[in-house]
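Read through the structure below, which is laid out as structure tokens, and then see the notes.
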Amino acid sequence: MVEQKFHIIDDSGIKWWLEEYVSKSAAPYCAKHHLPLRYPANPSIHRYFFCPDCTDPKSVDKAALTQMIYAADKIRAKVIAKLEVINYNGELLPVAKTSTKNNEYGVTAQIMESKHGKQLVIYAGKKGVHNKAQIFVDTENGKLSFDHKDLKPTEIFAKIEATFIDGSKMSIGKNANEA
Ligand SMILES: [Zn+2]
């Protein structure tokens with residue numbers, strides 16, 4: 001879920017509201033009176049907005065309509081900058097994430113998407129140990145594997161087992177068929 005926020009741009013005295021994350025344009029409000037701003041006569045050319053309670057128009061850098069699109073993009077950029085992206089061969093993007101923690105261990109599971117399909121990545125760590133175990137569940141090809149450069153999953157888990165949609169199973173464990 002994306003948090004909806006006002007965002008004040010520059011010194012124009014305008015706060016911008018993005019009604020929906022997918023909206024192309026943000027709506028301008030007066031930062032002082034919180035009133036929706038009125039458009040200029042020709043918003044595709046004129047570079048200002050009016051507040052009903054302010055005497056002066058609020059100047060902006062771009063034509064009013066362009067500024068509204070720009071403000072929406074700026075708000076989205078703030079949200080996007082905060083997304084955690086884990087670089088895996090430079091092509092995966094996070095699409096969903098969940099974490100759990102206790103005093104000793106922390107586990108994060110994340111679904112990543114690439115041109116090869118979806119993959120579940122599990123990061124597991126031990127308190128005080130910098131390295132984490134990285135376990136990859138390739139649901140499309142029914143494979144379970146881990147990053148050999150990182151902490152071994154068996155240093156965290158006794159056993160990890162994945163059951164795929166076709167009923168096949170694969171596990172990583174001290175006595176299991178190691179991936
Ligand atoms: Zn105002």
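Every chain in the structure tokens has a letter given in the order shown (A, B, ...), and although residue numbers restart at 1 in each chain, ligands are simply numbered from 1 in the order shown.
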Practice task
May I have the residues within 10 Å of Thr163 of chain A as an MDAnalysis selection string, using only C-alpha atoms and disregarding those fewer than 3 positions away in the same chain?
Solution key: chainID A and resid 139 142:144 166:171
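Using only C-alpha atoms and all ligand atoms as the basis for the distance check, residues found within 10 Å of ligand 1 are Gly13, Ile14, Tyr29, Cys30, Ala31, Lys32, His33, His34, Leu35, Pro36, Leu37, Phe50, Cys51, Pro52, Asp53, Cys54, Thr55, Asp56, Pro57 and Lys58 of chain A.
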Problem - Non-local contacts of Ala64 of chain A (6 Å; only C-alpha atoms; under 2 positions in same chain excluded) as a PyMOL selection string - result: chain A and resi 43+47+66-67
Atoms kept (N, CA and C atoms) for selection, written as a PDB file, in the first residue's frame:
```
ATOM      1  N   PRO A  43      -4.474  26.873 -18.775  1.00  0.00           N
ATOM      2  CA  PRO A  43      -3.548  26.103 -17.943  1.00  0.00           C
ATOM      3  C   PRO A  43      -2.450  25.386 -18.732  1.00  0.00           C
ATOM      4  N   ARG A  47       1.554  29.973 -16.125  1.00  0.00           N
ATOM      5  CA  ARG A  47       2.366  29.335 -15.075  1.00  0.00           C
ATOM      6  C   ARG A  47       1.984  29.824 -13.685  1.00  0.00           C
ATOM      7  N   THR A  66       1.310  21.046 -16.869  1.00  0.00           N
ATOM      8  CA  THR A  66       2.591  20.338 -16.830  1.00  0.00           C
ATOM      9  C   THR A  66       3.082  20.242 -15.388  1.00  0.00           C
ATOM     10  N   GLN A  67       2.878  21.306 -14.612  1.00  0.00           N
ATOM     11  CA  GLN A  67       3.296  21.339 -13.215  1.00  0.00           C
ATOM     12  C   GLN A  67       2.540  20.279 -12.401  1.00  0.00           C
TER      13      GLN A  67
END
```
Problem - Distance criterion (only C-alpha atoms): nearest to Ser23 of chain A out of A:Lys101, A:Arg76, A:Lys118, A:His130 - result: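 Under the stated criterion, the closest residue is A:Arg76.
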Practice task
Name the residues in contact with Asn131 of chain A at a cut-off of 8 Å, using only C-alpha atoms, excluding same-chain residues fewer than 5 positions from it; report them as number ranges by chain.
Solution key: A: 125, 150-151
Exercise for the section: Kindly give the distance, in Å, that separates atom CA of Tyr39 of chain A and atom CA of Ala77 of chain A, rounded to a single decimal. Expected result: 24.6 Å
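Atom CA of Lys15 of chain A is positioned 13.9 Å from atom CA of Asp73 of chain A.
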Exercise for the section: Identify, with DSSP run on backbone atoms, the residues in chain A assigned to alpha helix (DSSP H), and express the list as a VMD selection string. Expected result: chain A and resid 64 to 82
Problem - Shell of 12 Å around Asp147 of chain A, only C-alpha atoms, local chain residues under 4 positions omitted, as a list in words - result: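 These residues fall inside the cut-off: Tyr88, Val121, Ile122, Tyr123, Ala124, Asn131, Lys132, Ala133, Gln134, Ile135, Phe136, Val137, Leu151, Lys152, Pro153, Glu178 and Ala179 of chain A.
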Using only N, CA and C atoms, please write the residues we just selected to a file, as a CSV table (one decimal), in the first residue's frame.
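out.csv written:
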```
chain,number,residue,atom,x,y,z
A,88,TYR,N,19.7,-8.6,-8.0
A,88,TYR,CA,20.0,-9.9,-8.3
A,88,TYR,C,20.3,-10.0,-9.8
A,121,VAL,N,12.4,-15.2,-2.7
A,121,VAL,CA,13.7,-15.1,-2.1
A,121,VAL,C,13.5,-15.0,-0.6
A,122,ILE,N,14.2,-15.8,0.2
A,122,ILE,CA,14.1,-15.8,1.6
A,122,ILE,C,15.5,-15.4,2.2
A,123,TYR,N,15.5,-14.4,3.0
A,123,TYR,CA,16.7,-13.9,3.6
A,123,TYR,C,16.6,-14.3,5.1
A,124,ALA,N,17.6,-15.0,5.6
A,124,ALA,CA,17.5,-15.4,7.0
A,124,ALA,C,18.8,-15.0,7.7
A,131,ASN,N,26.5,-11.7,7.9
A,131,ASN,CA,26.0,-12.4,6.7
A,131,ASN,C,24.6,-13.0,6.9
A,132,LYS,N,23.9,-13.1,5.8
A,132,LYS,CA,22.6,-13.7,5.8
A,132,LYS,C,22.6,-14.9,4.9
A,133,ALA,N,21.6,-15.8,5.2
A,133,ALA,CA,21.4,-16.9,4.2
A,133,ALA,C,20.4,-16.4,3.1
A,134,GLN,N,20.7,-16.7,1.9
A,134,GLN,CA,19.7,-16.3,0.8
A,134,GLN,C,19.3,-17.6,0.2
A,135,ILE,N,18.0,-17.8,0.2
A,135,ILE,CA,17.4,-19.0,-0.3
A,135,ILE,C,16.5,-18.6,-1.5
A,136,PHE,N,16.6,-19.3,-2.6
A,136,PHE,CA,15.8,-19.0,-3.8
A,136,PHE,C,14.8,-20.1,-4.0
A,137,VAL,N,13.5,-19.7,-4.2
A,137,VAL,CA,12.5,-20.7,-4.5
A,137,VAL,C,12.0,-20.4,-5.9
A,151,LEU,N,25.9,-17.0,4.0
A,151,LEU,CA,25.7,-18.0,5.1
A,151,LEU,C,24.9,-19.2,4.6
A,152,LYS,N,25.3,-20.4,5.1
A,152,LYS,CA,24.6,-21.6,4.7
A,152,LYS,C,23.3,-21.6,5.4
A,153,PRO,N,22.2,-22.0,4.7
A,153,PRO,CA,20.9,-22.0,5.3
A,153,PRO,C,20.8,-23.0,6.5
A,178,GLU,N,20.9,-31.5,-1.0
A,178,GLU,CA,21.3,-30.1,-1.0
A,178,GLU,C,21.2,-29.5,-2.4
A,179,ALA,N,20.6,-28.3,-2.5
A,179,ALA,CA,20.5,-27.7,-3.8
A,179,ALA,C,21.8,-27.1,-4.2
```
Fill in the blank from the handout: Between A:Asn42, A:Ser12, A:Gln110, A:Asn141, smallest distance to Thr98 of chain A by only C-alpha atoms belongs to A:Gln110
Practice task
Could you give me, as a ChimeraX atom specification, each residue of segment 11-155 of chain A that DSSP assigns to strand (DSSP E) when run on this structure's backbone?
Solution key: /A:14-17,27-30,48-49,58-59,93-101,105-114,117-126,132-138,143-146
Only C-alpha atoms, please: the residues just picked out, written as an mmCIF file, in the first residue's frame.
```
data_model
loop_
_atom_site.group_PDB
_atom_site.id
_atom_site.type_symbol
_atom_site.label_atom_id
_atom_site.label_comp_id
_atom_site.auth_asym_id
_atom_site.auth_seq_id
_atom_site.Cartn_x
_atom_site.Cartn_y
_atom_site.Cartn_z
ATOM 1 C CA ILE A 14 1.443 24.974 -2.984
ATOM 2 C CA LYS A 15 0.915 21.582 -1.469
ATOM 3 C CA TRP A 16 0.162 18.808 -3.841
ATOM 4 C CA TRP A 17 -2.216 15.963 -3.267
ATOM 5 C CA ALA A 27 -4.096 18.412 -7.287
ATOM 6 C CA PRO A 28 -2.785 21.786 -6.042
ATOM 7 C CA TYR A 29 -3.866 23.195 -2.652
ATOM 8 C CA CYS A 30 -2.892 26.391 -0.898
ATOM 9 C CA TYR A 48 0.325 30.081 -11.963
ATOM 10 C CA PHE A 49 -2.602 29.054 -9.773
ATOM 11 C CA LYS A 58 1.051 31.358 -6.953
ATOM 12 C CA SER A 59 3.703 31.166 -9.622
ATOM 13 C CA LEU A 93 12.427 -6.088 -8.799
ATOM 14 C CA PRO A 94 10.624 -6.572 -5.500
ATOM 15 C CA VAL A 95 6.890 -7.129 -5.843
ATOM 16 C CA ALA A 96 5.944 -8.250 -2.331
ATOM 17 C CA LYS A 97 7.677 -8.547 0.984
ATOM 18 C CA THR A 98 7.098 -9.786 4.504
ATOM 19 C CA SER A 99 9.391 -10.028 7.530
ATOM 20 C CA THR A 100 9.425 -11.654 10.910
ATOM 21 C CA LYS A 101 11.895 -11.365 13.772
ATOM 22 C CA TYR A 105 16.671 -14.765 14.183
ATOM 23 C CA GLY A 106 15.137 -12.621 11.460
ATOM 24 C CA VAL A 107 13.537 -13.857 8.258
ATOM 25 C CA THR A 108 12.407 -11.820 5.277
ATOM 26 C CA ALA A 109 10.554 -13.354 2.356
ATOM 27 C CA GLN A 110 10.223 -11.414 -0.843
ATOM 28 C CA ILE A 111 8.657 -12.215 -4.193
ATOM 29 C CA MET A 112 10.778 -10.888 -6.993
ATOM 30 C CA GLU A 113 9.912 -10.696 -10.632
ATOM 31 C CA SER A 114 12.207 -10.879 -13.611
ATOM 32 C CA GLY A 117 9.196 -15.254 -14.022
ATOM 33 C CA LYS A 118 8.496 -14.980 -10.318
ATOM 34 C CA GLN A 119 10.872 -16.159 -7.659
ATOM 35 C CA LEU A 120 10.583 -16.264 -3.883
ATOM 36 C CA VAL A 121 13.721 -15.106 -2.101
ATOM 37 C CA ILE A 122 14.121 -15.802 1.618
ATOM 38 C CA TYR A 123 16.725 -13.922 3.605
ATOM 39 C CA ALA A 124 17.474 -15.377 6.988
ATOM 40 C CA GLY A 125 19.837 -13.934 9.557
ATOM 41 C CA LYS A 126 21.111 -14.586 13.032
ATOM 42 C CA LYS A 132 22.559 -13.676 5.837
ATOM 43 C CA ALA A 133 21.450 -16.859 4.188
ATOM 44 C CA GLN A 134 19.745 -16.318 0.827
ATOM 45 C CA ILE A 135 17.386 -19.032 -0.330
ATOM 46 C CA PHE A 136 15.777 -18.965 -3.761
ATOM 47 C CA VAL A 137 12.527 -20.737 -4.543
ATOM 48 C CA ASP A 138 11.952 -20.915 -8.275
ATOM 49 C CA LYS A 143 13.782 -25.506 -7.817
ATOM 50 C CA LEU A 144 15.121 -24.631 -4.399
ATOM 51 C CA SER A 145 18.626 -23.234 -4.127
ATOM 52 C CA PHE A 146 20.777 -20.934 -2.029
#
```
Practice task
Rank nothing, just name the residue among A:Ala63, A:Val129, A:Ala158, A:Ala71 nearest to Lys174 of chain A, using only C-alpha atoms.
Solution key: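 Closest residue, counting only C-alpha atoms: A:Ala158.
For the residues A:Val22, A:Ile172, A:Ile45, A:Val60, ranking by smallest atom-to-atom distance to Ala72 of chain A using only C-alpha atoms places A:Val22 first.
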